[in-house]
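Here is coords-v3.cif, consisting of mmCIF, C-alpha atoms:
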```cif
data_entry
#
loop_
_atom_site.label_atom_id
_atom_site.label_comp_id
_atom_site.auth_asym_id
_atom_site.auth_seq_id
_atom_site.Cartn_x
_atom_site.Cartn_y
_atom_site.Cartn_z
CA MET L 92 0.00 0.00 0.00
CA ASP L 93 1.61 3.25 -1.19
CA ASN L 94 -0.87 5.79 0.19
CA PHE L 95 -4.35 6.06 1.68
CA GLN L 96 -5.96 8.30 -0.93
CA GLY L 97 -9.29 6.86 -2.08
CA ILE L 98 -9.06 3.62 -0.10
CA THR L 99 -11.76 2.30 2.21
CA ALA L 100 -10.57 1.74 5.77
CA VAL L 101 -12.56 -0.44 8.19
CA ILE L 102 -11.98 0.43 11.85
CA THR L 103 -13.41 -1.28 14.92
CA GLY L 104 -13.60 0.58 18.21
CA ALA L 105 -13.74 3.90 16.35
CA GLY L 106 -15.90 5.67 18.93
CA SER L 107 -12.99 6.87 21.06
CA GLY L 108 -9.26 6.76 21.71
CA ILE L 109 -6.90 5.33 19.15
CA GLY L 110 -9.77 4.18 16.92
CA ARG L 111 -11.05 7.74 16.65
CA ALA L 112 -7.50 8.97 16.02
CA PHE L 113 -7.16 6.45 13.17
CA ALA L 114 -10.40 7.70 11.62
CA ILE L 115 -9.42 11.37 11.82
CA GLU L 116 -5.91 10.84 10.45
CA LEU L 117 -7.01 8.56 7.61
CA ALA L 118 -9.73 11.02 6.63
CA LYS L 119 -7.07 13.75 6.41
CA ARG L 120 -5.11 11.48 4.08
CA GLY L 121 -8.07 10.96 1.75
CA ALA L 122 -9.44 7.61 2.91
CA ASN L 123 -13.11 6.67 3.07
CA LEU L 124 -14.20 5.15 6.35
CA ALA L 125 -16.37 2.31 7.64
CA LEU L 126 -16.48 2.71 11.40
CA SER L 127 -17.94 0.59 14.17
CA ASP L 128 -18.16 0.82 17.92
CA ILE L 129 -20.36 -0.47 20.73
CA SER L 130 -21.32 3.15 21.49
CA GLN L 131 -23.58 5.14 19.16
CA SER L 132 -22.72 8.39 20.93
CA GLY L 133 -19.02 7.65 20.52
CA LEU L 134 -19.47 7.09 16.80
CA ASP L 135 -21.46 10.30 16.49
CA GLU L 136 -18.69 12.26 18.22
CA THR L 137 -16.09 10.73 15.92
CA LYS L 138 -18.09 11.52 12.80
CA GLN L 139 -18.51 15.15 13.88
CA GLN L 140 -14.72 15.51 13.79
CA LEU L 141 -14.39 14.21 10.22
CA PRO L 142 -14.42 16.24 6.99
CA ARG L 143 -17.81 16.31 5.29
CA ASN L 144 -16.36 15.26 1.94
CA VAL L 145 -15.23 11.87 3.30
CA LEU L 146 -17.51 8.92 2.58
CA THR L 147 -18.16 7.65 6.09
CA SER L 148 -20.49 4.95 7.38
CA THR L 149 -20.97 4.29 11.09
CA THR L 150 -22.52 1.18 12.60
CA VAL L 151 -23.06 0.06 16.17
CA VAL L 152 -21.49 -3.40 16.34
CA ASP L 153 -20.71 -5.77 19.18
CA VAL L 154 -17.47 -7.24 17.85
CA ILE L 155 -17.91 -10.50 19.75
CA SER L 156 -21.09 -11.23 17.78
CA SER L 157 -20.33 -13.15 14.58
CA ASP L 158 -23.77 -12.28 13.21
CA GLN L 159 -23.37 -8.53 13.81
CA MET L 160 -19.88 -8.55 12.33
CA ASN L 161 -21.09 -10.45 9.27
CA GLN L 162 -24.00 -8.06 8.75
CA TRP L 163 -21.64 -5.10 9.10
CA ALA L 164 -19.28 -6.57 6.50
CA GLU L 165 -22.17 -6.97 4.06
CA SER L 166 -23.32 -3.40 4.61
CA ILE L 167 -19.80 -2.08 3.96
CA ARG L 168 -19.63 -3.96 0.66
CA GLN L 169 -22.92 -2.40 -0.39
CA GLN L 170 -22.04 1.15 0.69
CA HIS L 171 -18.34 1.31 -0.14
CA GLY L 172 -17.76 -1.38 -2.73
CA GLN L 173 -14.13 -2.05 -1.93
CA ILE L 174 -12.27 -2.68 1.33
CA ASN L 175 -8.55 -1.98 1.43
CA LEU L 176 -7.52 -1.56 5.06
CA LEU L 177 -8.75 -3.38 8.17
CA ILE L 178 -7.79 -2.00 11.58
CA ASN L 179 -8.68 -4.45 14.35
CA ASN L 180 -8.63 -1.90 17.13
CA ALA L 181 -11.55 -2.69 19.46
CA GLY L 182 -10.44 -3.90 22.86
CA ILE L 183 -10.71 -3.54 26.61
CA ALA L 184 -8.09 -3.29 29.32
CA ALA L 185 -8.10 -5.54 32.36
CA GLY L 186 -6.04 -5.68 35.51
CA GLY L 187 -5.79 -7.25 38.93
CA GLU L 188 -4.60 -10.59 40.21
CA PHE L 189 -5.97 -13.48 38.21
CA ILE L 190 -7.50 -15.24 41.22
CA ASN L 191 -9.81 -12.26 41.71
CA HIS L 192 -11.20 -12.23 38.16
CA GLY L 193 -14.72 -13.52 37.69
CA LEU L 194 -15.43 -16.07 34.98
CA THR L 195 -17.57 -13.59 33.05
CA ASP L 196 -14.67 -11.12 33.07
CA ILE L 197 -12.34 -13.77 31.65
CA GLU L 198 -14.80 -14.59 28.89
CA ALA L 199 -15.35 -10.94 27.97
CA ILE L 200 -11.64 -10.12 27.81
CA VAL L 201 -10.88 -13.07 25.54
CA ASN L 202 -13.87 -12.44 23.29
CA ILE L 203 -13.32 -8.72 22.80
CA ASN L 204 -9.54 -8.60 22.69
CA PHE L 205 -8.78 -11.69 20.63
CA ARG L 206 -11.81 -13.48 19.24
CA ALA L 207 -13.01 -10.29 17.56
CA VAL L 208 -9.61 -9.89 15.85
CA ALA L 209 -9.84 -13.38 14.37
CA ILE L 210 -13.47 -12.90 13.30
CA GLY L 211 -12.79 -9.53 11.69
CA SER L 212 -9.71 -10.79 9.88
CA ARG L 213 -11.58 -13.81 8.49
CA LEU L 214 -14.63 -11.83 7.38
CA PHE L 215 -12.70 -9.08 5.59
CA LEU L 216 -9.70 -11.00 4.25
CA PRO L 217 -11.43 -12.00 0.98
CA ASP L 218 -12.24 -8.32 0.36
CA LEU L 219 -8.67 -7.27 1.10
CA ILE L 220 -7.38 -9.85 -1.36
CA ALA L 221 -9.86 -8.71 -4.01
CA SER L 222 -8.82 -5.07 -3.55
CA GLY L 223 -5.35 -5.82 -4.90
CA ASN L 224 -3.61 -3.76 -2.21
CA GLY L 225 -5.07 -4.83 1.13
CA HIS L 226 -3.59 -4.50 4.58
CA ILE L 227 -4.47 -5.61 8.13
CA VAL L 228 -3.46 -3.76 11.29
CA ASN L 229 -3.70 -5.62 14.59
CA ILE L 230 -3.15 -3.85 17.91
CA SER L 231 -1.24 -5.97 20.41
CA SER L 232 0.69 -4.57 23.40
CA MET L 233 4.06 -4.49 25.13
CA VAL L 234 2.72 -7.22 27.42
CA ALA L 235 2.91 -9.57 24.44
CA TYR L 236 6.67 -9.50 25.00
CA MET L 237 6.32 -10.52 28.64
CA GLY L 238 3.23 -11.22 30.71
CA LEU L 239 3.32 -8.71 33.54
CA PRO L 240 1.80 -9.55 36.95
CA GLY L 241 -1.61 -8.07 37.48
CA ASN L 242 -2.28 -8.41 33.73
CA ALA L 243 -2.65 -12.15 33.24
CA MET L 244 -5.79 -12.12 31.10
CA TYR L 245 -4.90 -8.96 29.19
CA ALA L 246 -1.44 -10.37 28.46
CA ALA L 247 -2.95 -13.66 27.33
CA THR L 248 -5.05 -11.94 24.68
CA LYS L 249 -2.19 -9.76 23.48
CA PHE L 250 0.11 -12.79 23.23
CA ALA L 251 -2.66 -14.43 21.21
CA ILE L 252 -2.80 -11.48 18.82
CA ARG L 253 0.97 -11.65 18.44
CA GLY L 254 0.94 -15.36 17.60
CA PHE L 255 -2.08 -15.05 15.32
CA SER L 256 -0.50 -12.13 13.46
CA GLU L 257 2.83 -13.91 13.00
CA ALA L 258 1.10 -16.96 11.54
CA LEU L 259 -1.26 -14.99 9.32
CA ALA L 260 1.54 -12.75 8.05
CA ALA L 261 3.48 -15.86 7.01
CA GLU L 262 0.43 -17.19 5.19
CA LEU L 263 0.02 -13.85 3.40
CA ASN L 264 3.72 -13.54 2.52
CA GLY L 265 4.04 -12.95 -1.21
CA SER L 266 0.37 -12.05 -1.60
CA ASN L 267 -1.14 -8.64 -2.24
CA VAL L 268 -2.19 -8.30 1.41
CA GLY L 269 0.16 -7.03 4.08
CA LEU L 270 -0.11 -7.20 7.85
CA THR L 271 1.26 -4.96 10.57
CA VAL L 272 1.00 -5.76 14.27
CA ALA L 273 1.65 -2.93 16.73
CA PHE L 274 3.14 -3.35 20.21
CA PRO L 275 2.48 -0.06 21.99
CA GLY L 276 3.28 0.85 25.53
CA ALA L 277 0.90 3.16 27.33
CA ILE L 278 -1.45 5.15 25.07
CA LYS L 279 -3.37 8.10 26.50
CA THR L 280 -6.98 6.98 25.93
CA ASN L 281 -10.01 6.24 28.09
CA ILE L 282 -9.42 2.49 27.91
CA MET L 283 -8.16 2.36 31.50
CA ARG L 284 -11.19 4.23 32.81
CA SER L 285 -13.47 1.58 31.32
CA ALA L 286 -11.14 -1.31 32.14
CA LYS L 287 -12.09 -4.39 34.14
CA PHE L 288 -9.97 -4.17 37.30
CA THR L 289 -10.31 -6.25 40.44
CA SER L 290 -9.09 -3.30 42.55
CA ASP L 291 -10.38 0.28 42.27
CA GLU L 292 -7.19 1.54 43.93
CA ASP L 293 -4.97 -0.16 41.33
CA LYS L 294 -7.16 1.19 38.54
CA GLN L 295 -6.94 4.76 39.80
CA LYS L 296 -3.15 4.58 40.10
CA LEU L 297 -2.80 3.35 36.52
CA VAL L 298 -5.20 5.99 35.20
CA GLN L 299 -3.10 8.70 36.82
CA LEU L 300 0.12 7.26 35.36
CA MET L 301 -1.45 7.01 31.90
CA ASP L 302 -2.63 10.61 32.02
CA ARG L 303 0.86 11.77 32.97
CA PHE L 304 3.23 9.65 30.89
CA ALA L 305 1.33 7.86 28.09
CA MET L 306 1.80 8.54 24.38
CA ASN L 307 -0.86 10.60 22.63
CA PRO L 308 -3.07 8.45 20.36
CA GLU L 309 -2.41 10.76 17.38
CA ARG L 310 1.32 10.10 17.62
CA ALA L 311 0.73 6.36 17.93
CA VAL L 312 -1.54 6.35 14.88
CA ASN L 313 0.97 8.20 12.73
CA LYS L 314 3.69 5.73 13.68
CA ILE L 315 1.47 2.77 12.82
CA LEU L 316 0.35 4.24 9.50
CA SER L 317 3.99 4.93 8.59
CA ALA L 318 4.73 1.27 9.32
CA VAL L 319 1.86 0.24 7.04
CA LEU L 320 3.17 2.35 4.16
CA ALA L 321 6.67 0.95 4.73
CA GLY L 322 5.34 -2.61 4.66
CA ARG L 323 6.63 -3.35 8.15
CA ARG L 324 5.30 -6.47 9.84
CA THR L 325 5.82 -5.17 13.39
CA ILE L 326 6.20 -1.86 15.17
CA THR L 327 7.19 -1.35 18.80
CA MET L 328 6.15 2.02 20.23
CA GLY L 329 7.08 3.81 23.44
CA ALA L 330 10.23 3.65 25.55
CA GLU L 331 8.67 1.18 27.99
CA SER L 332 7.69 -1.19 25.19
CA ARG L 333 11.14 -1.05 23.55
CA LEU L 334 12.81 -1.58 26.94
CA LEU L 335 10.71 -4.64 27.72
CA TRP L 336 11.35 -6.06 24.24
CA LEU L 337 15.09 -5.65 24.74
CA ALA L 338 15.16 -6.98 28.30
CA THR L 339 13.27 -10.15 27.44
CA ARG L 340 15.75 -10.89 24.66
CA ILE L 341 18.96 -10.13 26.51
CA ALA L 342 18.08 -11.57 29.93
CA PRO L 343 14.58 -13.08 30.02
CA ARG L 344 15.00 -15.04 33.25
CA ILE L 345 16.56 -12.13 35.16
CA THR L 346 13.89 -9.78 33.86
CA TRP L 347 11.13 -12.11 35.03
CA ARG L 348 12.68 -12.49 38.49
CA LEU L 349 13.07 -8.73 38.90
CA VAL L 350 9.49 -8.02 37.80
CA ALA L 351 8.06 -10.80 39.97
CA ALA L 352 10.05 -9.68 43.02
CA ALA L 353 9.06 -6.04 42.57
CA TYR L 354 5.42 -6.98 42.24
CA TYR L 355 5.50 -9.17 45.33
CA ARG L 356 6.94 -6.35 47.41
CA THR L 357 3.90 -4.26 46.53
CA ARG L 358 1.57 -7.16 47.28
CA ASN L 359 2.51 -8.47 50.72
CA ASN L 360 -1.14 -9.37 51.23
CA SER L 361 -1.27 -11.39 48.03
CA PRO L 362 -3.04 -14.76 48.22
CA TYR L 363 -0.10 -16.25 46.36
CA ARG L 364 3.12 -17.44 47.95
CA PRO L 365 6.46 -16.17 46.54
CA ASP L 366 8.33 -18.60 44.36
CA SER L 367 12.03 -18.68 43.56
CA GLY L 368 11.32 -19.29 39.90
#
```
Spell out the structure here as structure tokens.
Amino acid sequence: MDNFQGITAVITGAGSGIGRAFAIELAKRGANLALSDISQSGLDETKQQLPRNVLTSTTVVDVISSDQMNQWAESIRQQHGQINLLINNAGIAAGGEFINHGLTDIEAIVNINFRAVAIGSRLFLPDLIASGNGHIVNISSMVAYMGLPGNAMYAATKFAIRGFSEALAAELNGSNVGLTVAFPGAIKTNIMRSAKFTSDEDKQKLVQLMDRFAMNPERAVNKILSAVLAGRRTITMGAESRLLWLATRIAPRITWRLVAAAYYRTRNNSPYRPDSG
């Protein structure tokens, strides 16, 4: 893909955060947009920020519903004709010790963060192939490099996206469809405020850290879109993400022990017993 002028970009989770930033930036670059989100008001707010001359369709979609996703795909084909770029962005954050997660929380995290990526990729891949210059963007996370304590379920889904993307990229190698998987660190969005945490105190601390240090979504989007145009299969964003990537390659066992020990010191009332590893 050489540029975004005149293409049709499909974006899930476009009602806020990085999904909205993708929509705004792609519209500036001349793309037409097919946007979905679970929130109608979020989609309306996104659309209000887009140029009027951009062909934009918005649809409320629960990405864990195969039927709703299939119906959305059909409506995009009818309204837009072609589909060139798929951005699997919809997701939720989750935190807290695994033993405190309810079973419904576990199911929701897996369904939204990973199952929806697989469903979206399968539904739109034939269209991307037919376009002659298709591309998929999957949003993983720095925790796909190492599962961090207090993030067991979130890390599991982001590891899954990483593995899925590596396999699918290999299958697509040599075809007219590219794939880029992004591994961001902290992005300044509302995802933490709507996250599933087992501790309100932990959630508030992370929200404050995100507000202070996280990367702006607009910057993240521009980095990812540059990677798409360059045909890069992966992009690691943020100092914390690059540091974790490097540490797990140079000294994975030492890194794990340091992280586990630091976490235990902050959790002296943890139900788990410390382990030497």
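Atom CA of Ile155 of chain L is found 23.1 Å from atom CA of His171 of chain L.
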Pull out every residue that the PyMOL selection byres ((chain L and resi 174-179) around 7) matches in the shown coordinates and put them as a PDB file with C-alpha atoms, in the coordinates of the input.
```pdb
ATOM      1  CA  ILE L  98      -9.060   3.620  -0.100  1.00  0.00           C
ATOM      2  CA  THR L  99     -11.760   2.300   2.210  1.00  0.00           C
ATOM      3  CA  ALA L 100     -10.570   1.740   5.770  1.00  0.00           C
ATOM      4  CA  VAL L 101     -12.560  -0.440   8.190  1.00  0.00           C
ATOM      5  CA  ILE L 102     -11.980   0.430  11.850  1.00  0.00           C
ATOM      6  CA  THR L 103     -13.410  -1.280  14.920  1.00  0.00           C
ATOM      7  CA  GLY L 172     -17.760  -1.380  -2.730  1.00  0.00           C
ATOM      8  CA  GLN L 173     -14.130  -2.050  -1.930  1.00  0.00           C
ATOM      9  CA  ASN L 180      -8.630  -1.900  17.130  1.00  0.00           C
ATOM     10  CA  ALA L 181     -11.550  -2.690  19.460  1.00  0.00           C
ATOM     11  CA  VAL L 208      -9.610  -9.890  15.850  1.00  0.00           C
ATOM     12  CA  ASP L 218     -12.240  -8.320   0.360  1.00  0.00           C
ATOM     13  CA  LEU L 219      -8.670  -7.270   1.100  1.00  0.00           C
ATOM     14  CA  SER L 222      -8.820  -5.070  -3.550  1.00  0.00           C
ATOM     15  CA  ASN L 224      -3.610  -3.760  -2.210  1.00  0.00           C
ATOM     16  CA  GLY L 225      -5.070  -4.830   1.130  1.00  0.00           C
ATOM     17  CA  HIS L 226      -3.590  -4.500   4.580  1.00  0.00           C
ATOM     18  CA  ILE L 227      -4.470  -5.610   8.130  1.00  0.00           C
ATOM     19  CA  VAL L 228      -3.460  -3.760  11.290  1.00  0.00           C
ATOM     20  CA  ASN L 229      -3.700  -5.620  14.590  1.00  0.00           C
ATOM     21  CA  ILE L 230      -3.150  -3.850  17.910  1.00  0.00           C
TER      22      ILE L 230
END
```
> Looking at L:Leu316, L:Leu146, L:Met328, L:Ala164, which one is nearest to Arg213 of chain L, with distances taken over only C-alpha atoms?
Replying inline: L:Ala164
> Closest to Ala351 of chain L among L:Gly106, L:Ile220, L:Asp93, L:Met237, using all atoms listed in the file?
Replying inline: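 Closest candidate: L:Met237.
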> Taking into account only C-alpha atoms, which residue in the set L:Phe274, L:Tyr354, L:Phe250, L:Phe215 is nearest to Asn161 of chain L?
Replying inline: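 Distance minimum relative to Asn161 of chain L lands on L:Phe215.
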> Where does the PyMOL selection byres ((chain L and resi 270) around 9) land in this file, that is, which residues does it pick, as a PyMOL selection string?
Replying inline: chain L and resi 225-229+256-257+259-260+263+268-269+271-272+319+322-325
>> Measuring between all atoms listed in the file, which one of L:Ser130, L:Asn204, L:Asn123, L:Thr150 shows the shortest distance to Gly182 of chain L?
In response: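 Looking at the shortest contact to Gly182 of chain L, the residue is L:Asn204.
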>> Just the number, please: distance in Å from atom CA of Gly108 of chain L to atom CA of Gln162 of chain L, one decimal.
In response: 24.6 Å
>> I want to know what sits within 8 Å of Ala251 of chain L, based on only C-alpha atoms, with residues of the same chain fewer than 4 positions away left out; could you give that as an MDAnalysis selection string?
In response: chainID L and resid 205 247 255
Store the residues picked out above, limited to C-alpha atoms, as a PDB file, in the coordinates of the input.
```
ATOM      1  CA  PHE L 205      -8.780 -11.690  20.630  1.00  0.00           C
ATOM      2  CA  ALA L 247      -2.950 -13.660  27.330  1.00  0.00           C
ATOM      3  CA  PHE L 255      -2.080 -15.050  15.320  1.00  0.00           C
TER       4      PHE L 255
END
```
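Rounded to one decimal, atom CA of Asn144 of chain L and atom CA of Ala318 of chain L lie 26.4 Å from each other.
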>> When you look at segment 332-337 of chain L with a cut-off of 10 Å (counting only C-alpha atoms), what residues show up, excluding the ones that are within fewer than 3 positions of it in the same chain? I need them as a count of residues only.
In response: 19
